[in-house]
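S.K.: File follows, work07.txt with compact mmCIF, C-alpha atoms and all ligand atoms:
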```
# COMPACT_ATOMS: atom_id res chain seq x y z
CA TYR A 1 -14.87 -0.58 14.73
CA ARG A 2 -12.16 -3.07 14.17
CA GLN A 3 -13.10 -6.68 14.04
CA GLY A 4 -10.53 -9.41 14.38
CA GLU A 5 -6.79 -9.71 14.55
CA ALA A 6 -4.16 -7.31 13.24
CA SER A 7 -3.26 -7.93 9.62
CA GLU A 8 0.33 -8.38 8.62
CA VAL A 9 1.72 -7.18 5.33
CA ALA A 10 4.58 -9.55 4.49
CA VAL A 11 6.87 -8.20 1.78
CA PRO A 12 9.48 -10.40 0.10
CA THR A 13 12.77 -8.50 -0.40
CA PRO A 14 16.17 -9.78 -1.56
CA ASN A 15 17.29 -9.71 2.11
CA GLY A 16 14.32 -11.82 3.20
CA THR A 17 10.65 -11.30 3.97
CA VAL A 18 9.89 -8.18 6.00
CA SER A 19 6.54 -8.09 7.79
CA PHE A 20 4.67 -4.95 8.79
CA GLY A 21 2.14 -5.18 11.60
CA GLU A 22 1.31 -4.97 15.27
CA HIS A 23 2.93 -8.30 16.08
CA HIS A 24 6.19 -7.68 14.22
CA PRO A 25 9.33 -5.63 14.95
CA ILE A 26 9.30 -2.02 13.79
CA VAL A 27 10.17 -1.67 10.10
CA VAL A 28 12.21 1.34 8.98
CA VAL A 29 12.00 2.84 5.48
CA ALA A 30 14.71 5.41 4.71
CA GLY A 31 16.11 7.27 1.75
CA PRO A 32 16.01 10.51 -0.18
CA CYS A 33 12.91 12.36 -1.22
CA SER A 34 13.99 12.05 -4.88
CA VAL A 35 16.35 9.72 -6.70
CA GLU A 36 18.86 12.25 -8.04
CA ASN A 37 21.67 10.17 -9.56
CA GLU A 38 23.22 6.72 -9.33
CA ALA A 39 26.02 7.60 -6.91
CA MET A 40 23.72 9.26 -4.37
CA ILE A 41 21.08 6.55 -4.38
CA ILE A 42 23.62 3.73 -4.05
CA GLU A 43 25.50 5.55 -1.29
CA THR A 44 22.28 6.32 0.59
CA ALA A 45 21.07 2.75 0.22
CA GLN A 46 24.33 1.36 1.60
CA ARG A 47 24.35 3.77 4.53
CA VAL A 48 20.72 3.20 5.55
CA ARG A 49 21.13 -0.55 5.21
CA ALA A 50 24.21 -0.47 7.45
CA ALA A 51 22.20 1.55 9.99
CA GLY A 52 19.44 -1.09 10.03
CA ALA A 53 16.73 0.06 7.60
CA GLN A 54 14.86 -2.67 5.72
CA PHE A 55 13.52 -0.54 2.84
CA LEU A 56 14.93 2.18 0.60
CA ARG A 57 12.56 4.96 -0.40
CA GLY A 58 13.14 7.36 -3.27
CA GLY A 59 10.89 9.24 -5.65
CA ALA A 60 11.13 8.79 -9.41
CA PHE A 61 7.84 10.57 -10.18
CA LYS A 62 7.50 13.51 -7.78
CA PRO A 63 4.24 15.34 -6.90
CA ARG A 64 5.62 18.87 -6.59
CA THR A 65 3.49 21.86 -5.65
CA SER A 66 5.07 23.97 -8.40
CA PRO A 67 5.22 22.73 -11.99
CA TYR A 68 8.58 24.50 -12.27
CA ALA A 69 10.15 22.51 -9.41
CA PHE A 70 12.16 19.32 -10.05
CA GLN A 71 9.65 16.68 -11.11
CA GLY A 72 11.83 13.58 -10.60
CA HIS A 73 13.84 11.67 -13.20
CA GLY A 74 10.94 9.32 -13.98
CA GLU A 75 11.67 5.99 -15.69
CA SER A 76 15.43 6.41 -15.55
CA ALA A 77 15.21 6.77 -11.76
CA LEU A 78 13.40 3.42 -11.62
CA GLY A 79 16.50 1.84 -13.15
CA LEU A 80 18.65 3.46 -10.44
CA LEU A 81 16.34 2.10 -7.72
CA ALA A 82 16.71 -1.36 -9.24
CA ALA A 83 20.49 -0.96 -9.10
CA ALA A 84 20.29 0.09 -5.43
CA ARG A 85 18.11 -2.94 -4.71
CA ASP A 86 20.66 -5.23 -6.36
CA ALA A 87 23.54 -3.57 -4.50
CA THR A 88 22.01 -3.76 -1.02
CA GLY A 89 19.11 -6.25 -1.01
CA LEU A 90 16.84 -3.57 0.44
CA GLY A 91 13.18 -3.55 -0.52
CA ILE A 92 12.16 -0.53 -2.63
CA ILE A 93 9.29 1.88 -1.99
CA THR A 94 8.46 4.48 -4.62
CA GLU A 95 5.42 6.53 -5.58
CA VAL A 96 3.01 6.10 -8.47
CA MET A 97 1.22 9.25 -9.62
CA ASP A 98 -0.19 8.08 -12.94
CA ALA A 99 -1.70 4.69 -13.76
CA ALA A 100 0.24 4.75 -17.04
CA ASP A 101 3.47 4.25 -15.03
CA LEU A 102 2.11 1.50 -12.80
CA ASP A 103 3.55 -1.51 -14.64
CA ALA A 104 7.03 0.01 -14.86
CA ILE A 105 6.95 0.93 -11.16
CA ALA A 106 5.65 -2.49 -10.12
CA GLU A 107 8.64 -4.11 -11.84
CA VAL A 108 11.03 -2.36 -9.43
CA ALA A 109 9.04 -1.55 -6.30
CA ASP A 110 8.40 -4.02 -3.51
CA VAL A 111 5.81 -1.62 -2.06
CA ILE A 112 4.06 1.07 -4.15
CA GLN A 113 3.35 4.43 -2.52
CA ILE A 114 0.23 6.48 -3.08
CA GLY A 115 1.13 10.00 -1.98
CA ALA A 116 -0.91 12.38 0.12
CA ARG A 117 -2.06 14.31 -2.95
CA ASN A 118 -3.52 11.19 -4.56
CA MET A 119 -5.15 9.66 -1.51
CA GLN A 120 -8.59 10.19 -3.02
CA ASN A 121 -7.65 9.56 -6.64
CA PHE A 122 -10.22 6.79 -6.77
CA SER A 123 -9.43 5.56 -10.27
CA LEU A 124 -5.76 5.19 -9.26
CA LEU A 125 -6.78 3.43 -6.03
CA LYS A 126 -8.86 0.94 -8.03
CA LYS A 127 -5.93 0.26 -10.35
CA VAL A 128 -3.42 -0.37 -7.56
CA GLY A 129 -6.06 -2.51 -5.90
CA ALA A 130 -6.25 -4.67 -9.01
CA GLN A 131 -2.53 -5.55 -8.98
CA ASP A 132 -0.68 -7.48 -6.31
CA LYS A 133 2.18 -5.30 -5.01
CA PRO A 134 1.55 -4.02 -1.44
CA ILE A 135 0.42 -0.40 -1.18
CA LEU A 136 1.59 2.34 1.18
CA LEU A 137 -1.33 4.76 1.40
CA LYS A 138 -0.34 8.17 2.73
CA ARG A 139 -2.95 10.29 4.48
CA GLY A 140 -4.16 13.26 2.47
CA MET A 141 -3.09 16.55 3.99
CA ALA A 142 -6.65 17.48 4.89
CA ALA A 143 -8.19 14.02 5.02
CA THR A 144 -10.28 12.86 7.93
CA ILE A 145 -9.62 9.39 9.30
CA GLU A 146 -12.90 8.28 7.71
CA ASP A 147 -11.76 9.62 4.30
CA TRP A 148 -8.46 7.79 4.71
CA LEU A 149 -9.95 4.46 5.75
CA MET A 150 -12.46 4.63 2.90
CA ALA A 151 -9.60 5.31 0.46
CA ALA A 152 -7.90 2.16 1.83
CA GLU A 153 -11.19 0.35 1.36
CA TYR A 154 -11.07 1.13 -2.39
CA ILE A 155 -7.79 -0.81 -2.62
CA LEU A 156 -9.04 -3.67 -0.45
CA ALA A 157 -12.35 -3.87 -2.32
CA ALA A 158 -10.50 -4.12 -5.63
CA GLY A 159 -8.74 -7.24 -4.35
CA ASN A 160 -5.45 -6.12 -2.82
CA SER A 161 -5.41 -6.86 0.91
CA ASN A 162 -1.86 -5.57 1.49
CA VAL A 163 -2.29 -1.94 2.53
CA ILE A 164 -0.16 0.04 5.01
CA LEU A 165 -1.46 3.39 6.31
CA CYS A 166 1.09 6.23 6.56
CA GLU A 167 0.50 9.39 8.60
CA ARG A 168 2.62 12.22 7.14
CA GLY A 169 1.22 15.28 8.86
CA ILE A 170 -1.91 17.30 8.24
CA ARG A 171 -2.29 20.94 7.26
CA THR A 172 -1.46 23.34 10.04
CA PHE A 173 -2.44 26.96 10.64
CA ASP A 174 1.08 27.69 11.86
CA ARG A 175 3.60 26.89 9.14
CA GLN A 176 6.25 29.15 10.64
CA TYR A 177 7.69 26.40 12.80
CA ALA A 178 6.58 23.15 11.19
CA ARG A 179 5.50 22.20 7.67
CA ASN A 180 2.55 20.14 8.94
CA THR A 181 1.08 18.91 12.19
CA LEU A 182 2.14 15.30 12.65
CA ASP A 183 -0.99 13.65 14.02
CA LEU A 184 0.40 11.00 16.35
CA SER A 185 -3.02 10.54 17.92
CA VAL A 186 -3.95 8.55 14.82
CA ILE A 187 -1.85 5.65 16.12
CA PRO A 188 -4.21 4.58 18.93
CA VAL A 189 -7.22 5.68 16.88
CA LEU A 190 -6.24 3.55 13.88
CA ARG A 191 -5.42 0.67 16.19
CA SER A 192 -8.98 0.71 17.47
CA LEU A 193 -10.58 1.22 14.04
CA THR A 194 -8.58 -0.95 11.66
CA HIS A 195 -6.47 -4.07 11.41
CA LEU A 196 -4.10 -2.46 8.87
CA PRO A 197 -0.42 -1.79 9.71
CA ILE A 198 0.58 1.78 10.59
CA MET A 199 3.55 3.87 9.42
CA ILE A 200 4.60 7.31 10.65
CA ASP A 201 6.57 9.77 8.49
CA PRO A 202 8.06 12.43 10.79
CA SER A 203 10.07 13.92 7.90
CA HIS A 204 7.08 15.28 5.96
CA GLY A 205 5.24 15.54 9.28
CA THR A 206 7.57 18.23 10.61
CA GLY A 207 9.48 19.45 7.55
CA ARG A 208 12.59 20.02 9.68
CA ALA A 209 15.43 17.55 10.19
CA GLU A 210 16.03 18.73 13.75
CA TYR A 211 12.51 17.71 14.80
CA VAL A 212 12.53 14.28 13.14
CA PRO A 213 14.29 12.24 15.86
CA SER A 214 11.98 13.22 18.72
CA MET A 215 8.87 12.58 16.62
CA ALA A 216 10.25 9.20 15.49
CA MET A 217 10.74 8.24 19.13
CA ALA A 218 7.29 9.51 20.06
CA ALA A 219 5.76 7.45 17.23
CA ILE A 220 7.38 4.31 18.57
CA ALA A 221 6.27 5.11 22.09
CA ALA A 222 2.71 5.51 20.77
CA GLY A 223 2.84 2.12 19.07
CA THR A 224 3.59 2.66 15.37
CA ASP A 225 4.47 -0.42 13.32
CA SER A 226 6.92 1.35 11.02
CA LEU A 227 8.69 4.62 10.24
CA MET A 228 9.57 6.49 7.05
CA ILE A 229 12.58 8.79 7.35
CA GLU A 230 14.09 10.95 4.59
CA VAL A 231 17.89 10.63 4.39
CA HIS A 232 20.16 12.45 1.93
CA PRO A 233 23.97 12.30 1.68
CA ASP A 234 24.13 16.11 1.39
CA PRO A 235 20.80 17.63 2.46
CA LYS A 236 21.80 21.20 1.57
CA LYS A 237 22.16 20.16 -2.07
CA ALA A 238 18.98 18.03 -2.23
CA LEU A 239 16.71 18.66 -5.23
CA SER A 240 13.66 18.23 -2.96
CA ASP A 241 12.95 18.22 0.78
CA GLY A 242 16.53 18.94 1.88
CA PRO A 243 15.49 20.83 5.06
CA GLN A 244 13.75 17.75 6.46
CA SER A 245 16.36 15.18 5.39
CA LEU A 246 18.77 13.61 7.88
CA THR A 247 22.39 13.01 6.94
CA PRO A 248 23.39 9.33 6.92
CA ASP A 249 25.38 9.93 10.13
CA ARG A 250 22.39 11.47 11.90
CA PHE A 251 20.18 8.63 10.68
CA ASP A 252 22.64 6.09 12.05
CA GLY A 253 22.60 7.88 15.41
CA LEU A 254 18.81 7.94 15.41
CA MET A 255 18.62 4.20 14.73
CA ARG A 256 20.80 3.60 17.78
CA GLU A 257 18.57 5.86 19.88
CA LEU A 258 15.43 4.13 18.61
CA ALA A 259 16.84 0.71 19.44
CA VAL A 260 16.66 1.66 23.11
CA ILE A 261 12.88 2.02 23.01
CA GLY A 262 11.63 0.23 19.92
CA ASN A 263 14.27 -2.25 18.78
CA PRO A 264 14.08 -1.47 15.05
CA LEU A 265 17.53 -2.97 14.44
C1 LIG B 301 7.19 11.78 -0.38
O1 LIG B 301 7.09 10.73 0.26
O2 LIG B 301 8.28 12.23 -0.81
C2 LIG B 301 5.99 12.60 -0.58
C3 LIG B 301 5.85 13.40 -1.65
O3 LIG B 301 5.11 12.46 0.42
P1 LIG B 301 3.64 13.07 0.65
O4 LIG B 301 2.78 12.47 -0.41
O5 LIG B 301 3.33 12.60 2.03
O6 LIG B 301 3.76 14.56 0.55
MN MN B 302 9.70 14.23 0.26
```
Represent the supplied structure as C-alpha cells.
Ligand code: PEP
Ligand code: MN
M.R.:
Amino acid sequence: YRQGEASEVAVPTPNGTVSFGEHHPIVVVAGPCSVENEAMIIETAQRVRAAGAQFLRGGAFKPRTSPYAFQGHGESALGLLAAARDATGLGIITEVMDAADLDAIAEVADVIQIGARNMQNFSLLKKVGAQDKPILLKRGMAATIEDWLMAAEYILAAGNSNVILCERGIRTFDRQYARNTLDLSVIPVLRSLTHLPIMIDPSHGTGRAEYVPSMAMAAIAAGTDSLMIEVHPDPKKALSDGPQSLTPDRFDGLMRELAVIGNPL
C-alpha cells in the first residue's frame, strides 16, 4: 500500500510549468487521435488552448489493430507537433511504439505516451525509464492493477520518477454499446495504492463522443488528476477514432461544464 505523500509530475511547457498530481488543479490533454496534416493540428491546438487545455495530444506513430489501417505519418508528424507547440505554447504528448523512434519523439514531446498495447513491453519501459521525459503509461486493455503498477515500476526502477497512470478502458464483453468499460473505480483504488498522478481517458474508454462528457465529469467527481479527450475539427473525416472525437465546439462546451465541478480552466 501507498507510503508517503502524493507525487507531482511537473512538466515545463512554453506556457509555463504544468503540474500533475493530487494537490494540483486538473490538467486537460486534448487533441486528435492522429496528426493528419498541418492545418488540422494547428487549428485543433488553437481551439483546445482557447478552451483551456494545457497539453495537445496527437499520434505520429499509431498502434492500429489492422496493418492496413492508417499507421500515422511518423517523423513528419513530429515536425507538425513541433509547429503546433510553437504556435500555441501547449505541451505535447505523443506515443512511442518503437525504441528506435525514442530520441526523435523526445525532441518534440513534453510527455511521452506508452500506449495500452505496449504497457508490458518491458524493454521499451526500461528505455523510457532511462531517459528523462515524463511518461504517460496507459493501462493495458486486459491488465490488472498489479500488472499496471509493476509496469510503472519498470520505468521508476530504471531511474525516471515522472510517471502518470492513464485509465483508458478495459475489454468489455458487450461491445455493442461501448468500445471498452471505463474503469473509474481505479481512481480511489490507485489513490490508496500509489503516489503517482492519475489520468482518465473517456474517449478510448467509451469509444463514443456522446458518452465522453458524462464520463469526464464522473472522473472528476471521483478524484482524477487529469483528463485526456480526443478532439478533431471534423470527426466524420478523421483518419482514426472519429466516432469518439469531440468537435472543438463540443470540447469548449465540456470545459465550461467541467469548470463547475472541477475547475480545469
Ligand atoms: C491513443 O491514445 O490514441 C491510443 C492509441 O490509446 P490506447 O493505447 O489507449 O489505445
Ligand atoms: Mn485514439
S.K.: List as a compact mmCIF listing (two decimals) with C-alpha atoms, in the frame of the given file the protein and nucleic acid residues lying within 8 Å of ligand LIG 301 (chain B), with only C-alpha atoms and all ligand atoms counted.
M.R.:
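Result written to result_26.txt:
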```txt
# COMPACT_ATOMS: atom_id res chain seq x y z
CA PRO A 32 16.01 10.51 -0.18
CA CYS A 33 12.91 12.36 -1.22
CA SER A 34 13.99 12.05 -4.88
CA ARG A 57 12.56 4.96 -0.40
CA GLY A 58 13.14 7.36 -3.27
CA GLY A 59 10.89 9.24 -5.65
CA LYS A 62 7.50 13.51 -7.78
CA PRO A 63 4.24 15.34 -6.90
CA ARG A 64 5.62 18.87 -6.59
CA GLU A 95 5.42 6.53 -5.58
CA GLN A 113 3.35 4.43 -2.52
CA ILE A 114 0.23 6.48 -3.08
CA GLY A 115 1.13 10.00 -1.98
CA ALA A 116 -0.91 12.38 0.12
CA ARG A 117 -2.06 14.31 -2.95
CA ASN A 118 -3.52 11.19 -4.56
CA LYS A 138 -0.34 8.17 2.73
CA ARG A 139 -2.95 10.29 4.48
CA GLY A 140 -4.16 13.26 2.47
CA MET A 141 -3.09 16.55 3.99
CA GLU A 167 0.50 9.39 8.60
CA ARG A 168 2.62 12.22 7.14
CA GLY A 169 1.22 15.28 8.86
CA ASP A 201 6.57 9.77 8.49
CA HIS A 204 7.08 15.28 5.96
CA ASP A 241 12.95 18.22 0.78
```
S.K.: So which residues touch Gly129 in chain A within 10 Å, counting only C-alpha atoms, skipping near sequence neighbours fewer than 3 positions away, as a PyMOL selection string?
M.R.: chain A and resi 123-126+132-135+152-163
S.K.: Which residue out of A:Ile92, A:Ala6, A:Leu149, A:Ala142 has the minimum interatomic distance to Val28 in chain A when only C-alpha atoms are used?
M.R.: A:Ile92
S.K.: In Å, how far is it from CA of Asp225 in chain A to CA of Gly52 in chain A?
M.R.: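 Spanning CA of Asp225 in chain A to CA of Gly52 in chain A is a straight-line distance of 15.3 Å.
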S.K.: May I ask which of the residues A:Asp183, A:Arg250, A:Ile170, A:Lys236 is the closest one to Ala218 in chain A, counting all atoms listed in the file?
M.R.: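 Between A:Asp183, A:Arg250, A:Ile170, A:Lys236, the residue approaching Ala218 in chain A most closely is A:Asp183.
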S.K.: Residues near range 210-216 of chain A, anyone? I mean within 8 Å using only C-alpha atoms, not counting same-chain ones fewer than 4 positions away, as a short mmCIF file (atom, residue, chain, number, x, y, z; two decimals) with C-alpha atoms, keeping the file's coordinate frame.
M.R.:
```cif
data_model
loop_
_atom_site.label_atom_id
_atom_site.label_comp_id
_atom_site.auth_asym_id
_atom_site.auth_seq_id
_atom_site.Cartn_x
_atom_site.Cartn_y
_atom_site.Cartn_z
CA ILE A 200 4.60 7.31 10.65
CA ASP A 201 6.57 9.77 8.49
CA PRO A 202 8.06 12.43 10.79
CA SER A 203 10.07 13.92 7.90
CA THR A 206 7.57 18.23 10.61
CA ILE A 220 7.38 4.31 18.57
CA LEU A 227 8.69 4.62 10.24
CA ILE A 229 12.58 8.79 7.35
CA GLN A 244 13.75 17.75 6.46
CA LEU A 254 18.81 7.94 15.41
CA LEU A 258 15.43 4.13 18.61
#
```
S.K.: Between A:His232, A:His195, A:Arg256, A:Arg175, which one has atoms that come closest to ligand MN 302 (chain B), using only C-alpha atoms and all ligand atoms?
M.R.: A:His232
S.K.: Report, in Å with one decimal, the straight-line distance from CA of Pro188 in chain A to CA of Thr172 in chain A.
M.R.: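 Between CA of Pro188 in chain A and CA of Thr172 in chain A the gap works out to 20.9 Å.
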S.K.: Could you check which of A:Ile41, A:Leu78, A:Val231, A:Ala50 is closest to Asp101 in chain A, using only C-alpha atoms?
M.R.: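 The answer is A:Leu78, which sits nearest to Asp101 in chain A.
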